[in-house]
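coords.cif (mmCIF, C-alpha atoms, pLDDT in the B column; chains and numbers go by the auth columns)
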```
data_run
loop_
_atom_site.group_PDB
_atom_site.id
_atom_site.type_symbol
_atom_site.label_atom_id
_atom_site.label_comp_id
_atom_site.label_asym_id
_atom_site.label_seq_id
_atom_site.Cartn_x
_atom_site.Cartn_y
_atom_site.Cartn_z
_atom_site.B_iso_or_equiv
_atom_site.auth_seq_id
_atom_site.auth_asym_id
ATOM 1 C CA ALA A 1 -15.240 -8.049 -5.013 74.00 6 A
ATOM 2 C CA GLN A 2 -13.468 -6.604 -2.039 81.00 7 A
ATOM 3 C CA SER A 3 -13.540 -2.971 -1.002 87.00 8 A
ATOM 4 C CA VAL A 4 -12.638 -0.703 1.883 93.00 9 A
ATOM 5 C CA THR A 5 -14.415 2.400 3.114 95.00 10 A
ATOM 6 C CA GLN A 6 -12.716 4.818 5.460 97.00 11 A
ATOM 7 C CA LEU A 7 -15.212 7.138 7.135 93.00 12 A
ATOM 8 C CA GLY A 8 -13.870 10.662 7.427 92.00 13 A
ATOM 9 C CA SER A 9 -11.174 11.938 5.110 94.00 14 A
ATOM 10 C CA HIS A 10 -9.919 14.286 7.834 96.00 15 A
ATOM 11 C CA VAL A 11 -9.831 13.771 11.600 97.00 16 A
ATOM 12 C CA SER A 12 -8.534 16.347 14.047 97.00 17 A
ATOM 13 C CA VAL A 13 -7.768 15.626 17.707 97.00 18 A
ATOM 14 C CA SER A 14 -6.038 17.340 20.569 97.00 19 A
ATOM 15 C CA GLU A 15 -2.742 16.043 21.857 97.00 20 A
ATOM 16 C CA GLY A 16 -3.498 13.432 24.533 97.00 21 A
ATOM 17 C CA ALA A 17 -6.991 12.709 23.223 98.00 22 A
ATOM 18 C CA LEU A 18 -8.302 9.400 21.928 98.00 23 A
ATOM 19 C CA VAL A 19 -7.665 8.662 18.267 98.00 24 A
ATOM 20 C CA LEU A 20 -10.372 6.722 16.395 98.00 25 A
ATOM 21 C CA LEU A 21 -10.061 6.114 12.662 98.00 26 A
ATOM 22 C CA ARG A 22 -12.890 4.141 11.075 98.00 27 A
ATOM 23 C CA CYS A 23 -12.623 1.408 8.477 97.00 28 A
ATOM 24 C CA ASN A 24 -15.322 -0.857 7.065 96.00 29 A
ATOM 25 C CA TYR A 25 -14.627 -3.596 4.581 93.00 30 A
ATOM 26 C CA SER A 26 -16.519 -5.709 2.117 89.00 31 A
ATOM 27 C CA SER A 27 -15.289 -9.185 1.342 80.00 32 A
ATOM 28 C CA SER A 28 -16.858 -12.427 0.190 74.00 33 A
ATOM 29 C CA VAL A 29 -14.092 -14.456 1.827 73.00 34 A
ATOM 30 C CA PRO A 30 -12.426 -14.118 5.228 73.00 35 A
ATOM 31 C CA PRO A 31 -10.141 -11.149 4.779 81.00 36 A
ATOM 32 C CA TYR A 32 -6.725 -10.136 5.895 85.00 37 A
ATOM 33 C CA LEU A 33 -6.852 -6.522 7.093 90.00 38 A
ATOM 34 C CA PHE A 34 -4.098 -3.969 7.452 92.00 39 A
ATOM 35 C CA TRP A 35 -3.498 -0.426 8.628 96.00 40 A
ATOM 36 C CA TYR A 36 -0.662 1.550 7.073 95.00 41 A
ATOM 37 C CA VAL A 37 0.639 5.028 7.918 96.00 42 A
ATOM 38 C CA GLN A 38 2.165 7.457 5.440 94.00 43 A
ATOM 39 C CA TYR A 39 4.160 10.478 6.542 92.00 44 A
ATOM 40 C CA PRO A 40 4.608 13.369 4.091 86.00 45 A
ATOM 41 C CA ASN A 41 6.729 12.503 1.061 80.00 46 A
ATOM 42 C CA GLN A 42 7.310 8.969 2.280 84.00 47 A
ATOM 43 C CA GLY A 43 6.118 5.465 1.484 86.00 48 A
ATOM 44 C CA LEU A 44 3.746 3.380 3.557 92.00 49 A
ATOM 45 C CA GLN A 45 4.674 1.792 6.854 92.00 50 A
ATOM 46 C CA LEU A 46 2.728 -1.123 8.324 91.00 51 A
ATOM 47 C CA LEU A 47 1.077 -0.291 11.660 95.00 52 A
ATOM 48 C CA LEU A 48 -0.682 -3.591 12.275 92.00 53 A
ATOM 49 C CA LYS A 49 -2.403 -6.507 10.573 88.00 54 A
ATOM 50 C CA TYR A 50 -5.234 -8.952 11.205 88.00 55 A
ATOM 51 C CA THR A 51 -4.732 -12.454 9.816 80.00 56 A
ATOM 52 C CA SER A 52 -7.538 -14.452 11.480 75.00 57 A
ATOM 53 C CA ALA A 53 -5.819 -14.925 14.818 74.00 58 A
ATOM 54 C CA ALA A 54 -6.755 -12.665 17.753 83.00 59 A
ATOM 55 C CA THR A 55 -9.468 -10.152 16.914 88.00 60 A
ATOM 56 C CA LEU A 56 -7.749 -7.395 18.905 94.00 61 A
ATOM 57 C CA VAL A 57 -4.503 -6.570 17.183 93.00 62 A
ATOM 58 C CA LYS A 58 -1.762 -4.450 18.695 95.00 63 A
ATOM 59 C CA GLY A 59 0.611 -2.565 16.459 94.00 64 A
ATOM 60 C CA ILE A 60 3.480 -0.146 16.624 93.00 65 A
ATOM 61 C CA ASN A 61 3.457 3.298 18.253 93.00 66 A
ATOM 62 C CA GLY A 62 0.634 2.374 20.651 96.00 67 A
ATOM 63 C CA PHE A 63 -2.003 1.746 17.972 97.00 68 A
ATOM 64 C CA GLU A 64 -4.447 -1.131 18.043 97.00 69 A
ATOM 65 C CA ALA A 65 -7.433 -2.295 16.010 97.00 70 A
ATOM 66 C CA GLU A 66 -10.304 -4.664 16.601 94.00 71 A
ATOM 67 C CA PHE A 67 -11.745 -6.940 13.937 93.00 72 A
ATOM 68 C CA LYS A 68 -15.530 -7.139 14.226 93.00 73 A
ATOM 69 C CA LYS A 69 -16.971 -9.550 11.704 90.00 74 A
ATOM 70 C CA SER A 70 -20.589 -8.748 12.580 90.00 75 A
ATOM 71 C CA GLU A 71 -19.964 -5.075 11.813 92.00 76 A
ATOM 72 C CA THR A 72 -17.450 -5.694 8.995 93.00 77 A
ATOM 73 C CA SER A 73 -15.230 -3.156 10.710 95.00 78 A
ATOM 74 C CA PHE A 74 -11.561 -2.789 11.588 96.00 79 A
ATOM 75 C CA HIS A 75 -11.301 0.566 13.364 97.00 80 A
ATOM 76 C CA LEU A 76 -7.922 1.919 14.453 98.00 81 A
ATOM 77 C CA THR A 77 -7.499 3.423 17.906 98.00 82 A
ATOM 78 C CA LYS A 78 -4.848 4.967 20.113 98.00 83 A
ATOM 79 C CA PRO A 79 -5.623 6.041 23.687 97.00 84 A
ATOM 80 C CA SER A 80 -3.550 9.215 23.669 97.00 85 A
ATOM 81 C CA ALA A 81 -2.556 11.137 20.548 97.00 86 A
ATOM 82 C CA HIS A 82 0.930 12.517 20.121 96.00 87 A
ATOM 83 C CA MET A 83 1.982 15.298 17.783 96.00 88 A
ATOM 84 C CA SER A 84 4.114 12.792 15.867 95.00 89 A
ATOM 85 C CA ASP A 85 0.967 10.797 14.974 97.00 90 A
ATOM 86 C CA ALA A 86 -0.051 13.434 12.432 96.00 91 A
ATOM 87 C CA ALA A 87 -0.017 11.590 9.103 96.00 92 A
ATOM 88 C CA GLU A 88 -2.210 9.872 6.503 96.00 93 A
ATOM 89 C CA TYR A 89 -3.634 6.504 7.532 98.00 94 A
ATOM 90 C CA PHE A 90 -4.778 3.827 5.121 97.00 95 A
ATOM 91 C CA CYS A 91 -6.883 0.762 5.777 96.00 96 A
ATOM 92 C CA ALA A 92 -6.408 -2.115 3.349 93.00 97 A
ATOM 93 C CA VAL A 93 -7.895 -5.531 2.689 89.00 98 A
ATOM 94 C CA SER A 94 -6.442 -8.607 1.050 83.00 99 A
ATOM 95 C CA PRO A 95 -8.123 -11.900 0.279 69.00 100 A
ATOM 96 C CA THR A 96 -7.026 -14.829 2.371 59.00 101 A
ATOM 97 C CA LEU A 97 -3.896 -16.340 0.988 53.00 102 A
ATOM 98 C CA THR A 98 -5.439 -19.232 -0.884 50.00 103 A
ATOM 99 C CA GLY A 99 -4.652 -17.891 -4.299 49.00 104 A
ATOM 100 C CA GLY A 100 -0.968 -17.779 -3.617 48.00 105 A
ATOM 101 C CA TYR A 101 -0.584 -14.159 -4.585 57.00 106 A
ATOM 102 C CA ASN A 102 -1.129 -11.230 -2.278 70.00 107 A
ATOM 103 C CA LYS A 103 -2.385 -7.788 -3.242 81.00 108 A
ATOM 104 C CA LEU A 104 -3.931 -5.024 -1.209 87.00 109 A
ATOM 105 C CA ILE A 105 -7.040 -2.968 -1.845 89.00 110 A
ATOM 106 C CA PHE A 106 -6.720 0.368 -0.075 94.00 111 A
ATOM 107 C CA GLY A 107 -9.224 2.824 1.240 95.00 112 A
ATOM 108 C CA ALA A 108 -9.016 6.487 0.295 95.00 113 A
ATOM 109 C CA GLY A 109 -7.187 7.358 3.489 96.00 114 A
ATOM 110 C CA THR A 110 -7.792 9.505 6.575 97.00 115 A
ATOM 111 C CA ARG A 111 -5.590 12.462 7.324 97.00 116 A
ATOM 112 C CA LEU A 112 -5.017 12.800 11.059 97.00 117 A
ATOM 113 C CA ALA A 113 -4.176 16.213 12.462 97.00 118 A
ATOM 114 C CA VAL A 114 -3.035 16.578 16.078 97.00 119 A
ATOM 115 C CA HIS A 115 -3.131 20.024 17.647 95.00 120 A
ATOM 116 C CA PRO A 116 -1.649 21.191 20.968 94.00 121 A
ATOM 117 C CA ASP B 1 19.431 -4.643 5.969 64.00 7 B
ATOM 118 C CA ALA B 2 18.340 -2.349 3.172 74.00 8 B
ATOM 119 C CA GLY B 3 14.637 -2.003 2.685 91.00 9 B
ATOM 120 C CA VAL B 4 12.851 -1.433 -0.603 95.00 10 B
ATOM 121 C CA THR B 5 14.658 1.139 -2.717 96.00 11 B
ATOM 122 C CA GLN B 6 13.212 3.009 -5.675 97.00 12 B
ATOM 123 C CA SER B 7 14.688 5.290 -8.304 97.00 13 B
ATOM 124 C CA PRO B 8 14.379 7.976 -9.360 97.00 14 B
ATOM 125 C CA THR B 9 12.672 9.767 -6.475 96.00 15 B
ATOM 126 C CA HIS B 10 11.284 12.539 -8.652 96.00 16 B
ATOM 127 C CA LEU B 11 10.968 13.039 -12.376 96.00 17 B
ATOM 128 C CA ILE B 12 9.188 15.272 -14.831 98.00 18 B
ATOM 129 C CA LYS B 13 8.040 14.152 -18.270 98.00 19 B
ATOM 130 C CA THR B 14 5.862 15.577 -21.009 98.00 20 B
ATOM 131 C CA ARG B 15 2.773 14.034 -22.535 97.00 21 B
ATOM 132 C CA GLY B 16 3.501 11.229 -24.971 97.00 22 B
ATOM 133 C CA GLN B 17 6.873 10.386 -23.504 98.00 23 B
ATOM 134 C CA GLN B 18 7.857 7.083 -21.927 98.00 24 B
ATOM 135 C CA VAL B 19 9.168 6.503 -18.404 98.00 25 B
ATOM 136 C CA THR B 20 10.934 3.666 -16.584 98.00 26 B
ATOM 137 C CA LEU B 21 10.882 3.371 -12.797 98.00 27 B
ATOM 138 C CA ARG B 22 13.091 0.970 -10.888 98.00 28 B
ATOM 139 C CA CYS B 23 12.741 -0.996 -7.672 98.00 29 B
ATOM 140 C CA SER B 24 15.037 -3.169 -5.597 97.00 30 B
ATOM 141 C CA PRO B 25 13.160 -5.366 -3.135 95.00 31 B
ATOM 142 C CA LYS B 26 13.971 -5.938 0.494 92.00 32 B
ATOM 143 C CA SER B 27 16.669 -8.550 0.942 91.00 33 B
ATOM 144 C CA GLY B 28 15.198 -12.060 0.828 87.00 34 B
ATOM 145 C CA HIS B 29 11.937 -11.067 -0.846 88.00 35 B
ATOM 146 C CA ASP B 30 10.867 -12.712 -4.094 88.00 36 B
ATOM 147 C CA THR B 31 7.706 -10.817 -5.062 89.00 37 B
ATOM 148 C CA VAL B 32 7.383 -7.237 -6.260 93.00 38 B
ATOM 149 C CA SER B 33 4.148 -5.264 -6.603 93.00 39 B
ATOM 150 C CA TRP B 34 3.580 -1.810 -8.056 97.00 40 B
ATOM 151 C CA TYR B 35 0.960 0.695 -6.927 96.00 41 B
ATOM 152 C CA GLN B 36 -0.104 4.083 -8.252 97.00 42 B
ATOM 153 C CA GLN B 37 -1.098 6.730 -5.701 95.00 43 B
ATOM 154 C CA ALA B 38 -2.738 9.799 -7.179 94.00 44 B
ATOM 155 C CA LEU B 39 -2.790 12.948 -5.076 91.00 45 B
ATOM 156 C CA GLY B 40 -5.251 12.653 -2.202 87.00 46 B
ATOM 157 C CA GLN B 41 -6.103 9.024 -2.902 91.00 47 B
ATOM 158 C CA GLY B 42 -5.164 5.595 -1.681 93.00 48 B
ATOM 159 C CA PRO B 43 -2.719 3.424 -3.626 95.00 49 B
ATOM 160 C CA GLN B 44 -4.153 1.463 -6.542 95.00 50 B
ATOM 161 C CA PHE B 45 -2.709 -1.942 -7.474 93.00 51 B
ATOM 162 C CA ILE B 46 -1.047 -2.007 -10.904 96.00 52 B
ATOM 163 C CA PHE B 47 0.525 -5.465 -11.091 94.00 53 B
ATOM 164 C CA GLN B 48 2.650 -8.020 -9.299 92.00 54 B
ATOM 165 C CA TYR B 49 5.684 -10.008 -10.404 93.00 55 B
ATOM 166 C CA TYR B 50 6.960 -13.335 -9.169 89.00 56 B
ATOM 167 C CA GLU B 51 9.537 -15.583 -10.834 89.00 57 B
ATOM 168 C CA GLU B 52 9.937 -12.959 -13.556 93.00 58 B
ATOM 169 C CA GLU B 53 6.315 -13.250 -14.628 93.00 59 B
ATOM 170 C CA GLU B 54 3.332 -10.965 -14.176 93.00 60 B
ATOM 171 C CA ARG B 55 1.044 -12.876 -11.807 88.00 61 B
ATOM 172 C CA GLN B 56 -1.767 -10.429 -11.137 86.00 62 B
ATOM 173 C CA ARG B 57 -2.847 -7.207 -12.778 91.00 63 B
ATOM 174 C CA GLY B 58 -5.110 -4.407 -11.681 90.00 64 B
ATOM 175 C CA ASN B 59 -7.343 -2.251 -13.868 92.00 65 B
ATOM 176 C CA PHE B 60 -4.597 -0.452 -15.776 96.00 66 B
ATOM 177 C CA PRO B 61 -4.157 -0.171 -19.558 97.00 67 B
ATOM 178 C CA ASP B 62 -1.479 -1.943 -21.540 96.00 68 B
ATOM 179 C CA ARG B 63 0.558 1.275 -21.565 98.00 69 B
ATOM 180 C CA PHE B 64 1.675 0.088 -18.134 98.00 70 B
ATOM 181 C CA SER B 65 4.123 -2.784 -18.344 97.00 71 B
ATOM 182 C CA GLY B 66 6.763 -4.262 -16.139 97.00 72 B
ATOM 183 C CA HIS B 67 9.603 -6.629 -15.772 97.00 73 B
ATOM 184 C CA GLN B 68 11.263 -8.614 -13.021 97.00 74 B
ATOM 185 C CA PHE B 69 14.902 -9.626 -13.240 96.00 75 B
ATOM 186 C CA PRO B 70 16.595 -12.773 -11.919 96.00 76 B
ATOM 187 C CA ASN B 71 17.833 -10.820 -8.879 94.00 77 B
ATOM 188 C CA TYR B 72 14.155 -9.994 -8.091 94.00 78 B
ATOM 189 C CA SER B 73 14.501 -6.298 -8.897 97.00 79 B
ATOM 190 C CA SER B 74 11.789 -4.823 -11.065 97.00 80 B
ATOM 191 C CA GLU B 75 10.965 -2.070 -13.526 98.00 81 B
ATOM 192 C CA LEU B 76 7.717 -0.304 -14.268 98.00 82 B
ATOM 193 C CA ASN B 77 7.352 1.169 -17.746 98.00 83 B
ATOM 194 C CA VAL B 78 4.668 3.599 -18.820 98.00 84 B
ATOM 195 C CA ASN B 79 4.312 4.510 -22.483 97.00 85 B
ATOM 196 C CA ALA B 80 2.481 7.406 -24.128 98.00 86 B
ATOM 197 C CA LEU B 81 2.240 9.351 -20.894 98.00 87 B
ATOM 198 C CA LEU B 82 -0.959 11.213 -20.088 98.00 88 B
ATOM 199 C CA LEU B 83 -1.477 14.062 -17.666 97.00 89 B
ATOM 200 C CA GLY B 84 -3.488 11.654 -15.527 97.00 90 B
ATOM 201 C CA ASP B 85 -0.446 9.447 -15.036 98.00 91 B
ATOM 202 C CA SER B 86 0.983 12.045 -12.666 98.00 92 B
ATOM 203 C CA ALA B 87 1.213 10.251 -9.331 97.00 93 B
ATOM 204 C CA LEU B 88 3.428 8.671 -6.721 95.00 94 B
ATOM 205 C CA TYR B 89 4.422 5.195 -7.874 97.00 95 B
ATOM 206 C CA LEU B 90 5.070 2.821 -5.014 96.00 96 B
ATOM 207 C CA CYS B 91 6.942 -0.440 -5.157 96.00 97 B
ATOM 208 C CA ALA B 92 6.275 -3.079 -2.527 94.00 98 B
ATOM 209 C CA SER B 93 8.109 -6.313 -1.935 91.00 99 B
ATOM 210 C CA SER B 94 7.098 -9.442 -0.069 86.00 100 B
ATOM 211 C CA LEU B 95 7.524 -13.156 0.161 79.00 101 B
ATOM 212 C CA LEU B 96 5.025 -14.968 -2.025 69.00 102 B
ATOM 213 C CA ALA B 97 1.758 -15.249 -0.137 59.00 103 B
ATOM 214 C CA GLY B 98 0.785 -18.814 0.537 54.00 104 B
ATOM 215 C CA GLY B 99 4.345 -19.993 0.267 54.00 105 B
ATOM 216 C CA PRO B 100 6.280 -21.587 3.128 52.00 106 B
ATOM 217 C CA LYS B 101 7.223 -18.217 4.555 55.00 107 B
ATOM 218 C CA GLY B 102 4.708 -16.001 2.860 59.00 108 B
ATOM 219 C CA THR B 103 2.784 -13.825 5.268 62.00 109 B
ATOM 220 C CA GLY B 104 1.253 -11.472 2.768 65.00 110 B
ATOM 221 C CA GLU B 105 2.977 -8.529 4.404 77.00 111 B
ATOM 222 C CA LEU B 106 4.123 -5.867 1.961 85.00 112 B
ATOM 223 C CA PHE B 107 7.098 -3.605 2.560 89.00 113 B
ATOM 224 C CA PHE B 108 6.900 -0.332 0.637 92.00 114 B
ATOM 225 C CA GLY B 109 9.567 1.916 -0.782 94.00 115 B
ATOM 226 C CA GLU B 110 9.346 5.690 -0.577 93.00 116 B
ATOM 227 C CA GLY B 111 8.088 5.966 -4.116 95.00 117 B
ATOM 228 C CA SER B 112 8.880 7.713 -7.366 97.00 118 B
ATOM 229 C CA ARG B 113 6.922 10.899 -7.912 96.00 119 B
ATOM 230 C CA LEU B 114 6.093 11.366 -11.586 98.00 120 B
ATOM 231 C CA THR B 115 4.846 14.669 -12.935 98.00 121 B
ATOM 232 C CA VAL B 116 3.537 14.750 -16.494 98.00 122 B
ATOM 233 C CA LEU B 117 3.311 18.200 -18.113 96.00 123 B
#
```
Show me, as structure tokens, the structure contained in the file I just sent.
Amino acid sequence: AQSVTQLGSHVSVSEGALVLLRCNYSSSVPPYLFWYVQYPNQGLQLLLKYTSAATLVKGINGFEAEFKKSETSFHLTKPSAHMSDAAEYFCAVSPTLTGGYNKLIFGAGTRLAVHP
Amino acid sequence: DAGVTQSPTHLIKTRGQQVTLRCSPKSGHDTVSWYQQALGQGPQFIFQYYEEEERQRGNFPDRFSGHQFPNYSSELNVNALLLGDSALYLCASSLLAGGPKGTGELFFGEGSRLTVL
């Protein structure tokens, strides 16, 4: 069975500081991994995805994540936080697309607060 | 190009009632998935529809049912509502994973927030 663990339900950083949101996954098959962002009262927006190509994945809004198989991790980073980055972030895993049908298993989420 | 649209955005029901939520997928998408997001939690997979059939189902009781129409739009029905069904219900559309153009990427709507009193 696949699962995702996001370490830290709340993260607070200063504007301009490094953002690091942690995600560890469990999967018996090579996974596809995703990071989504959710702003208040909105749906989920895809930030970036790993699909077995380059292990360092660049996404929108300056975010990037590195797939580390040995650590079963897919941490999300951004060099310099902006006030507009304050939101809920979800890591998700999906089995490789051999079954023909895609579904995501989400972590519990990390709420990012950015203060001046 | 319209994205995924859901209706209604908010609704209030009482225990025991039934509710129907609607979703129109992103143009060109053929697969619709439904997720339940309880307050403070990550989304949980309910089920997925492709070619008007339920293809995968998560750990949800039979009170949760769905339908996909020939135009790919979809409905989620919940019968005999419980207080615990209060949540944000998210619809996501995609191209079928593993298909010629399927990337597995889901596009989410803004959700329907259901409150059960």
> Gly48 (chain B): which residues within 10 Å, counting all atoms listed in the file, same-chain residues fewer than 3 positions away excluded, as a ChimeraX atom specification?
Replying inline: /A:93-97,110-115 /B:41-45,51
>> Could you list, as a ChimeraX atom specification, every residue matched by the PyMOL selection byres ((chain B) within 10 of (chain A)) in this structure?
In response: /B:10,15,37,39-41,43,46-56,61-64,94-98,100-105,108-119
>> If the PyMOL selection byres ((chain A and resi 82) around 8) were run on this exact file, what residues would it hold? Put them as a list in words.
In response: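 Checked against the file, the PyMOL selection byres ((chain A and resi 82) around 8) matches Leu23, Val24, Leu25, Leu26, Phe68, Glu69, Ala70, His80, Leu81, Lys83 and Pro84 of chain A.
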May I have the selected residues written with C-alpha atoms, as a short mmCIF file (atom, residue, chain, number, x, y, z; two decimals), in the frame of the given file?
```cif
data_model
loop_
_atom_site.label_atom_id
_atom_site.label_comp_id
_atom_site.auth_asym_id
_atom_site.auth_seq_id
_atom_site.Cartn_x
_atom_site.Cartn_y
_atom_site.Cartn_z
CA LEU A 23 -8.30 9.40 21.93
CA VAL A 24 -7.66 8.66 18.27
CA LEU A 25 -10.37 6.72 16.40
CA LEU A 26 -10.06 6.11 12.66
CA PHE A 68 -2.00 1.75 17.97
CA GLU A 69 -4.45 -1.13 18.04
CA ALA A 70 -7.43 -2.30 16.01
CA HIS A 80 -11.30 0.57 13.36
CA LEU A 81 -7.92 1.92 14.45
CA LYS A 83 -4.85 4.97 20.11
CA PRO A 84 -5.62 6.04 23.69
#
```
> Which one is closest to Ala91 (chain A): A:Leu61, A:Leu117, A:Ser32, A:Ser78? Count only C-alpha atoms.
Replying inline: A:Leu117
> From the set B:Leu120, B:Asn65, B:Glu60, B:Ser30, which residue has the shortest atom-to-atom contact distance to Asn77 (chain B), counting all atoms listed in the file?
Replying inline: B:Ser30
So that I can see what lies close to Glu76 (chain A), please list as a compact mmCIF listing (two decimals) with C-alpha atoms, in the frame of the given file the residues with an atom at most 12 Å from it, counting only C-alpha atoms and leaving out residues fewer than 3 positions away in the same chain.
```
# COMPACT_ATOMS: atom_id res chain seq x y z
CA ARG A 27 -12.89 4.14 11.08
CA CYS A 28 -12.62 1.41 8.48
CA ASN A 29 -15.32 -0.86 7.06
CA TYR A 30 -14.63 -3.60 4.58
CA SER A 31 -16.52 -5.71 2.12
CA GLU A 71 -10.30 -4.66 16.60
CA PHE A 72 -11.74 -6.94 13.94
CA LYS A 73 -15.53 -7.14 14.23
CA PHE A 79 -11.56 -2.79 11.59
CA HIS A 80 -11.30 0.57 13.36
```
>> With the PyMOL selection byres ((chain B and resi 67) around 12) as the selection, what would be picked from this file? Answer as a PyMOL selection string, please.
In response: chain B and resi 52-53+63-66+68-71+83-88+91
>> If we draw a sphere of 9 Å around (0.5, 11.1, 18.6), which residues have at least one atom in it when counting only C-alpha atoms? Please report them as JSON, numbers by chain.
In response: {"A": [20, 21, 22, 24, 66, 67, 83, 85, 86, 87, 88, 89, 90, 91, 119]}
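Separating CA of Leu123 (chain B) from CA of Leu89 (chain B) is a distance of 6.3 Å.
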> If you measure from CA of Ser92 (chain B) to CA of Tyr44 (chain A), what distance in Å do you get, rounded to one decimal?
Replying inline: 19.5 Å
>> My list of candidates is A:Val34, A:Val42, A:Leu52, A:Val16. Which is closest to Lys74 (chain A) when distances are computed with all atoms listed in the file?
In response: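 That would be A:Val34, the residue with the smallest distance to Lys74 (chain A).
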